[in-house]
Amino acid sequence: MNSIRPEYIARVVVALGLATLVAACGDDPVAYSETVSVKLSGIKNGDIQNDQASEDKNINTESGNPYGEFVKRARDRLGGRDPGAIEIVKATVQVHADSKNVSTIEAVFAELELFIADSQTTIPVGSVSAPAGTSVPIPLRDAIDYEPVYASMLGGDFRVGVRGATVELPPDDFDLKLTIDVRFTAYE
């Protein structure tokens with residue numbers, strides 16, 4: 001009786017696996033991604049209430065409306081159709097160079113949360129405890145439901161912001177200006 005050598009079996013299994021992977025990739029929804037930066041005006045001493053601070057900005061007020069351009073390019077990529085979903089896939093918060101009397105995020109924040117909001121709903125996107133440095137990646141929450149703000153995201157009329165617990169003794173007379181780099185992906 002003939003037997004099949006184990007190395008041939010391994011090659012067949014790998015070949016079948018690759019064929020399945022390639023076939024599955026062809027079924028992936030069309031997607032378009034782009035990073036949009038939002039510069040917050042600044043968090044000052046007077047903005048701290050009950051050891052908490054928050055700052056947000058409407059995404060369509062950035063110079064040149066880069067988020068609006070993202071949605072336009074996503075529609076173009078999707079053949080003129082609106083995306084079926086828009087998600088945040090990556091986010092980083094950075095101290096802006098023109099901040100006053102503060103150069104790191106941990107000088108003001110003990111915890112930091114990134115959120116998006118429209119007039120009805122606020123969605124926490126991700127958070128970090130003990131943020132450190134001038135640039136902090138924000139770990140995103142699993143399975144975020146964007147549906148309550150989807151129409152606002154599609155129309156580009158929502159706010160992006162940060163909030164969180166502050167340190168016990170923030171610097172005197174500070175003005176922490178932050179830039180939030182958010183990578184959005186639009187799906188078919």
# chains A, B, ... in the order shown; residues from 1 in each chain; ligands from 1
>>> residues_around(residues="range 97-114 of chain A", least_positions_apart="2", cutoff="7 Å", atoms="only C-alpha atoms", output="number ranges by chain")
A: 95, 124-134, 161-167, 170-171, 173-177
>>> residues_around(residues="Pro66 in chain A", least_positions_apart="2", cutoff="12 Å", atoms="only C-alpha atoms", output="short mmCIF file (atom, residue, chain, number, x, y, z; two decimals) with N, CA and C atoms, in the first residue's frame")
data_model
loop_
_atom_site.label_atom_id
_atom_site.label_comp_id
_atom_site.auth_asym_id
_atom_site.auth_seq_id
_atom_site.Cartn_x
_atom_site.Cartn_y
_atom_site.Cartn_z
N GLU A 34 -8.22 57.35 6.41
CA GLU A 34 -7.48 58.61 6.39
C GLU A 34 -7.36 59.13 7.83
N THR A 35 -6.24 59.78 8.13
CA THR A 35 -6.06 60.38 9.44
C THR A 35 -6.47 61.85 9.38
N VAL A 36 -7.25 62.27 10.36
CA VAL A 36 -7.71 63.65 10.47
C VAL A 36 -7.20 64.19 11.80
N SER A 37 -6.59 65.38 11.77
CA SER A 37 -6.09 66.01 12.99
C SER A 37 -7.06 67.08 13.47
N VAL A 38 -7.27 67.13 14.77
CA VAL A 38 -8.13 68.13 15.40
C VAL A 38 -7.31 68.82 16.48
N ASN A 58 -15.84 70.75 17.35
CA ASN A 58 -16.57 70.21 16.22
C ASN A 58 -15.59 69.90 15.11
N ILE A 59 -15.66 68.71 14.57
CA ILE A 59 -14.67 68.25 13.60
C ILE A 59 -14.72 69.05 12.30
N ASN A 60 -15.87 69.65 11.98
CA ASN A 60 -15.95 70.39 10.72
C ASN A 60 -15.43 71.82 10.81
N THR A 61 -14.89 72.20 11.97
CA THR A 61 -14.35 73.56 12.12
C THR A 61 -12.85 73.64 11.90
N GLU A 62 -12.20 72.51 11.61
CA GLU A 62 -10.78 72.53 11.29
C GLU A 62 -10.57 73.23 9.95
N SER A 63 -9.49 73.96 9.82
CA SER A 63 -9.18 74.67 8.59
C SER A 63 -9.19 73.71 7.39
N GLY A 64 -9.96 74.04 6.37
CA GLY A 64 -10.05 73.20 5.18
C GLY A 64 -10.97 72.01 5.33
N GLY A 68 -14.47 66.49 6.30
CA GLY A 68 -15.39 66.57 5.17
C GLY A 68 -14.75 66.04 3.90
N GLU A 69 -13.46 66.33 3.71
CA GLU A 69 -12.72 65.81 2.55
C GLU A 69 -12.57 64.29 2.64
N PHE A 70 -12.36 63.78 3.85
CA PHE A 70 -12.29 62.32 4.04
C PHE A 70 -13.59 61.66 3.59
N VAL A 71 -14.74 62.21 4.03
CA VAL A 71 -16.03 61.63 3.66
C VAL A 71 -16.23 61.71 2.14
N LYS A 72 -15.84 62.83 1.54
CA LYS A 72 -15.96 63.00 0.08
C LYS A 72 -15.11 61.95 -0.65
N ARG A 73 -13.87 61.76 -0.23
CA ARG A 73 -13.00 60.77 -0.88
C ARG A 73 -13.51 59.34 -0.64
N GLY A 156 -20.56 64.96 9.02
CA GLY A 156 -19.42 65.73 9.51
C GLY A 156 -19.78 66.74 10.58
N ASP A 181 -4.96 63.13 16.65
CA ASP A 181 -4.88 62.52 15.34
C ASP A 181 -5.76 61.28 15.36
N VAL A 182 -6.81 61.31 14.55
CA VAL A 182 -7.78 60.22 14.54
C VAL A 182 -7.78 59.60 13.14
N ARG A 183 -7.57 58.29 13.09
CA ARG A 183 -7.63 57.57 11.80
C ARG A 183 -9.02 56.99 11.67
N PHE A 184 -9.75 57.48 10.66
CA PHE A 184 -11.09 57.00 10.35
C PHE A 184 -11.02 56.03 9.19
#
>>> atom_distance(atom1="CA of Lys57 in chain A", atom2="CA of Leu178 in chain A")
11.1 Å
>>> closest_residue(among="A:Ile48, A:Ile123, A:Ala186, A:Ala91", to="Ile144 in chain A", atoms="only C-alpha atoms")
A:Ile123
>>> residues_around(residues="Ile116 in chain A", least_positions_apart="2", cutoff="6 Å", atoms="only C-alpha atoms", output="list in words")
Thr122, Ile123, Arg159 and Val160 of chain A
>>> write_last_selection(atoms="C-alpha atoms", output="mmCIF file, in the first residue's frame")
data_model
loop_
_atom_site.group_PDB
_atom_site.id
_atom_site.type_symbol
_atom_site.label_atom_id
_atom_site.label_comp_id
_atom_site.auth_asym_id
_atom_site.auth_seq_id
_atom_site.Cartn_x
_atom_site.Cartn_y
_atom_site.Cartn_z
ATOM 1 C CA THR A 122 -21.518 60.838 23.619
ATOM 2 C CA ILE A 123 -19.495 57.750 22.767
ATOM 3 C CA ARG A 159 -17.353 66.787 18.214
ATOM 4 C CA VAL A 160 -14.079 65.069 19.036
#
>>> select_by_dssp(residues="chain A", states="helix (DSSP H, G or I)", output="count of residues only")
50
>>> select_by_dssp(residues="range 80-158 of chain A", states="strand (DSSP E or B)", output="JSON list (two decimals) with N, CA and C atoms, in the first residue's frame")
[["chain", "number", "residue", "atom", "x", "y", "z"],
["A", 85, "ALA", "N", -20.66, 52.34, 6.98],
["A", 85, "ALA", "CA", -20.17, 52.50, 8.36],
["A", 85, "ALA", "C", -18.90, 53.33, 8.33],
["A", 86, "ILE", "N", -18.69, 54.08, 9.39],
["A", 86, "ILE", "CA", -17.45, 54.83, 9.60],
["A", 86, "ILE", "C", -16.99, 54.51, 11.01],
["A", 87, "GLU", "N", -15.71, 54.16, 11.14],
["A", 87, "GLU", "CA", -15.16, 53.81, 12.45],
["A", 87, "GLU", "C", -13.84, 54.52, 12.69],
["A", 88, "ILE", "N", -13.50, 54.65, 13.95],
["A", 88, "ILE", "CA", -12.16, 55.11, 14.34],
["A", 88, "ILE", "C", -11.32, 53.86, 14.53],
["A", 89, "VAL", "N", -10.18, 53.80, 13.86],
["A", 89, "VAL", "CA", -9.33, 52.62, 13.95],
["A", 89, "VAL", "C", -8.02, 52.89, 14.68],
["A", 90, "LYS", "N", -7.71, 54.17, 14.92],
["A", 90, "LYS", "CA", -6.48, 54.52, 15.63],
["A", 90, "LYS", "C", -6.59, 55.96, 16.10],
["A", 91, "ALA", "N", -6.00, 56.26, 17.26],
["A", 91, "ALA", "CA", -6.04, 57.63, 17.77],
["A", 91, "ALA", "C", -4.80, 57.91, 18.63],
["A", 92, "THR", "N", -4.30, 59.13, 18.49],
["A", 92, "THR", "CA", -3.16, 59.59, 19.28],
["A", 92, "THR", "C", -3.43, 61.01, 19.73],
["A", 93, "VAL", "N", -3.10, 61.31, 20.98],
["A", 93, "VAL", "CA", -3.23, 62.66, 21.52],
["A", 93, "VAL", "C", -1.82, 63.20, 21.75],
["A", 94, "GLN", "N", -1.56, 64.41, 21.25],
["A", 94, "GLN", "CA", -0.24, 65.01, 21.36],
["A", 94, "GLN", "C", -0.31, 66.40, 21.98],
["A", 95, "VAL", "N", 0.69, 66.75, 22.76],
["A", 95, "VAL", "CA", 0.81, 68.10, 23.29],
["A", 95, "VAL", "C", 1.27, 69.00, 22.14],
["A", 100, "LYS", "N", 1.35, 76.32, 27.12],
["A", 100, "LYS", "CA", 2.01, 77.23, 28.05],
["A", 100, "LYS", "C", 2.22, 76.54, 29.40],
["A", 109, "PHE", "N", -3.15, 65.46, 33.22],
["A", 109, "PHE", "CA", -4.09, 64.34, 33.27],
["A", 109, "PHE", "C", -3.51, 63.11, 33.95],
["A", 111, "GLU", "N", -5.71, 60.42, 34.04],
["A", 111, "GLU", "CA", -6.41, 59.49, 33.13],
["A", 111, "GLU", "C", -6.93, 60.32, 31.98],
["A", 112, "LEU", "N", -7.00, 59.71, 30.80],
["A", 112, "LEU", "CA", -7.43, 60.46, 29.62],
["A", 112, "LEU", "C", -8.34, 59.58, 28.78],
["A", 113, "GLU", "N", -9.49, 60.13, 28.40],
["A", 113, "GLU", "CA", -10.45, 59.41, 27.57],
["A", 113, "GLU", "C", -10.71, 60.21, 26.30],
["A", 114, "LEU", "N", -10.75, 59.53, 25.17],
["A", 114, "LEU", "CA", -11.12, 60.13, 23.90],
["A", 114, "LEU", "C", -12.59, 59.83, 23.66],
["A", 115, "PHE", "N", -13.35, 60.84, 23.18],
["A", 115, "PHE", "CA", -14.76, 60.62, 22.90],
["A", 115, "PHE", "C", -15.17, 61.36, 21.64],
["A", 116, "ILE", "N", -16.29, 60.91, 21.07],
["A", 116, "ILE", "CA", -16.96, 61.65, 20.02],
["A", 116, "ILE", "C", -18.38, 61.88, 20.48],
["A", 117, "ALA", "N", -19.02, 62.95, 19.99],
["A", 117, "ALA", "CA", -20.36, 63.27, 20.47],
["A", 117, "ALA", "C", -21.11, 64.09, 19.43],
["A", 122, "THR", "N", -22.97, 60.82, 23.46],
["A", 122, "THR", "CA", -21.52, 60.84, 23.62],
["A", 122, "THR", "C", -21.04, 59.39, 23.65],
["A", 123, "ILE", "N", -20.02, 59.10, 22.84],
["A", 123, "ILE", "CA", -19.49, 57.75, 22.77],
["A", 123, "ILE", "C", -18.03, 57.75, 23.18],
["A", 124, "PRO", "N", -17.70, 57.10, 24.32],
["A", 124, "PRO", "CA", -16.28, 56.93, 24.68],
["A", 124, "PRO", "C", -15.62, 55.99, 23.67],
["A", 125, "VAL", "N", -14.53, 56.43, 23.09],
["A", 125, "VAL", "CA", -13.86, 55.66, 22.04],
["A", 125, "VAL", "C", -12.71, 54.84, 22.62],
["A", 126, "GLY", "N", -11.97, 55.44, 23.54],
["A", 126, "GLY", "CA", -10.84, 54.75, 24.14],
["A", 126, "GLY", "C", -10.29, 55.56, 25.30],
["A", 127, "SER", "N", -9.43, 54.94, 26.09],
["A", 127, "SER", "CA", -8.88, 55.65, 27.24],
["A", 127, "SER", "C", -7.53, 55.06, 27.62],
["A", 128, "VAL", "N", -6.82, 55.85, 28.40],
["A", 128, "VAL", "CA", -5.53, 55.42, 28.90],
["A", 128, "VAL", "C", -5.37, 55.92, 30.33],
["A", 129, "SER", "N", -4.92, 55.03, 31.20],
["A", 129, "SER", "CA", -4.60, 55.42, 32.58],
["A", 129, "SER", "C", -3.14, 55.79, 32.63],
["A", 135, "SER", "N", 3.21, 62.52, 23.38],
["A", 135, "SER", "CA", 2.35, 61.87, 22.40],
["A", 135, "SER", "C", 1.88, 60.54, 22.99],
["A", 136, "VAL", "N", 0.57, 60.39, 23.11],
["A", 136, "VAL", "CA", 0.01, 59.22, 23.78],
["A", 136, "VAL", "C", -0.97, 58.50, 22.85],
["A", 137, "PRO", "N", -0.66, 57.25, 22.46],
["A", 137, "PRO", "CA", -1.65, 56.47, 21.71],
["A", 137, "PRO", "C", -2.80, 56.10, 22.64],
["A", 140, "LEU", "N", -8.14, 51.76, 21.87],
["A", 140, "LEU", "CA", -9.56, 51.86, 21.56],
["A", 140, "LEU", "C", -10.34, 50.75, 22.25]]
>>> atom_distance(atom1="CA of His96 in chain A", atom2="CA of Asp56 in chain A")
14.9 Å
>>> atom_distance(atom1="CA of Gly155 in chain A", atom2="CA of Ala31 in chain A")
18.0 Å
>>> closest_residue(among="A:Ala151, A:Glu55, A:Arg77, A:Asp157", to="Tyr32 in chain A", atoms="only C-alpha atoms")
A:Arg77
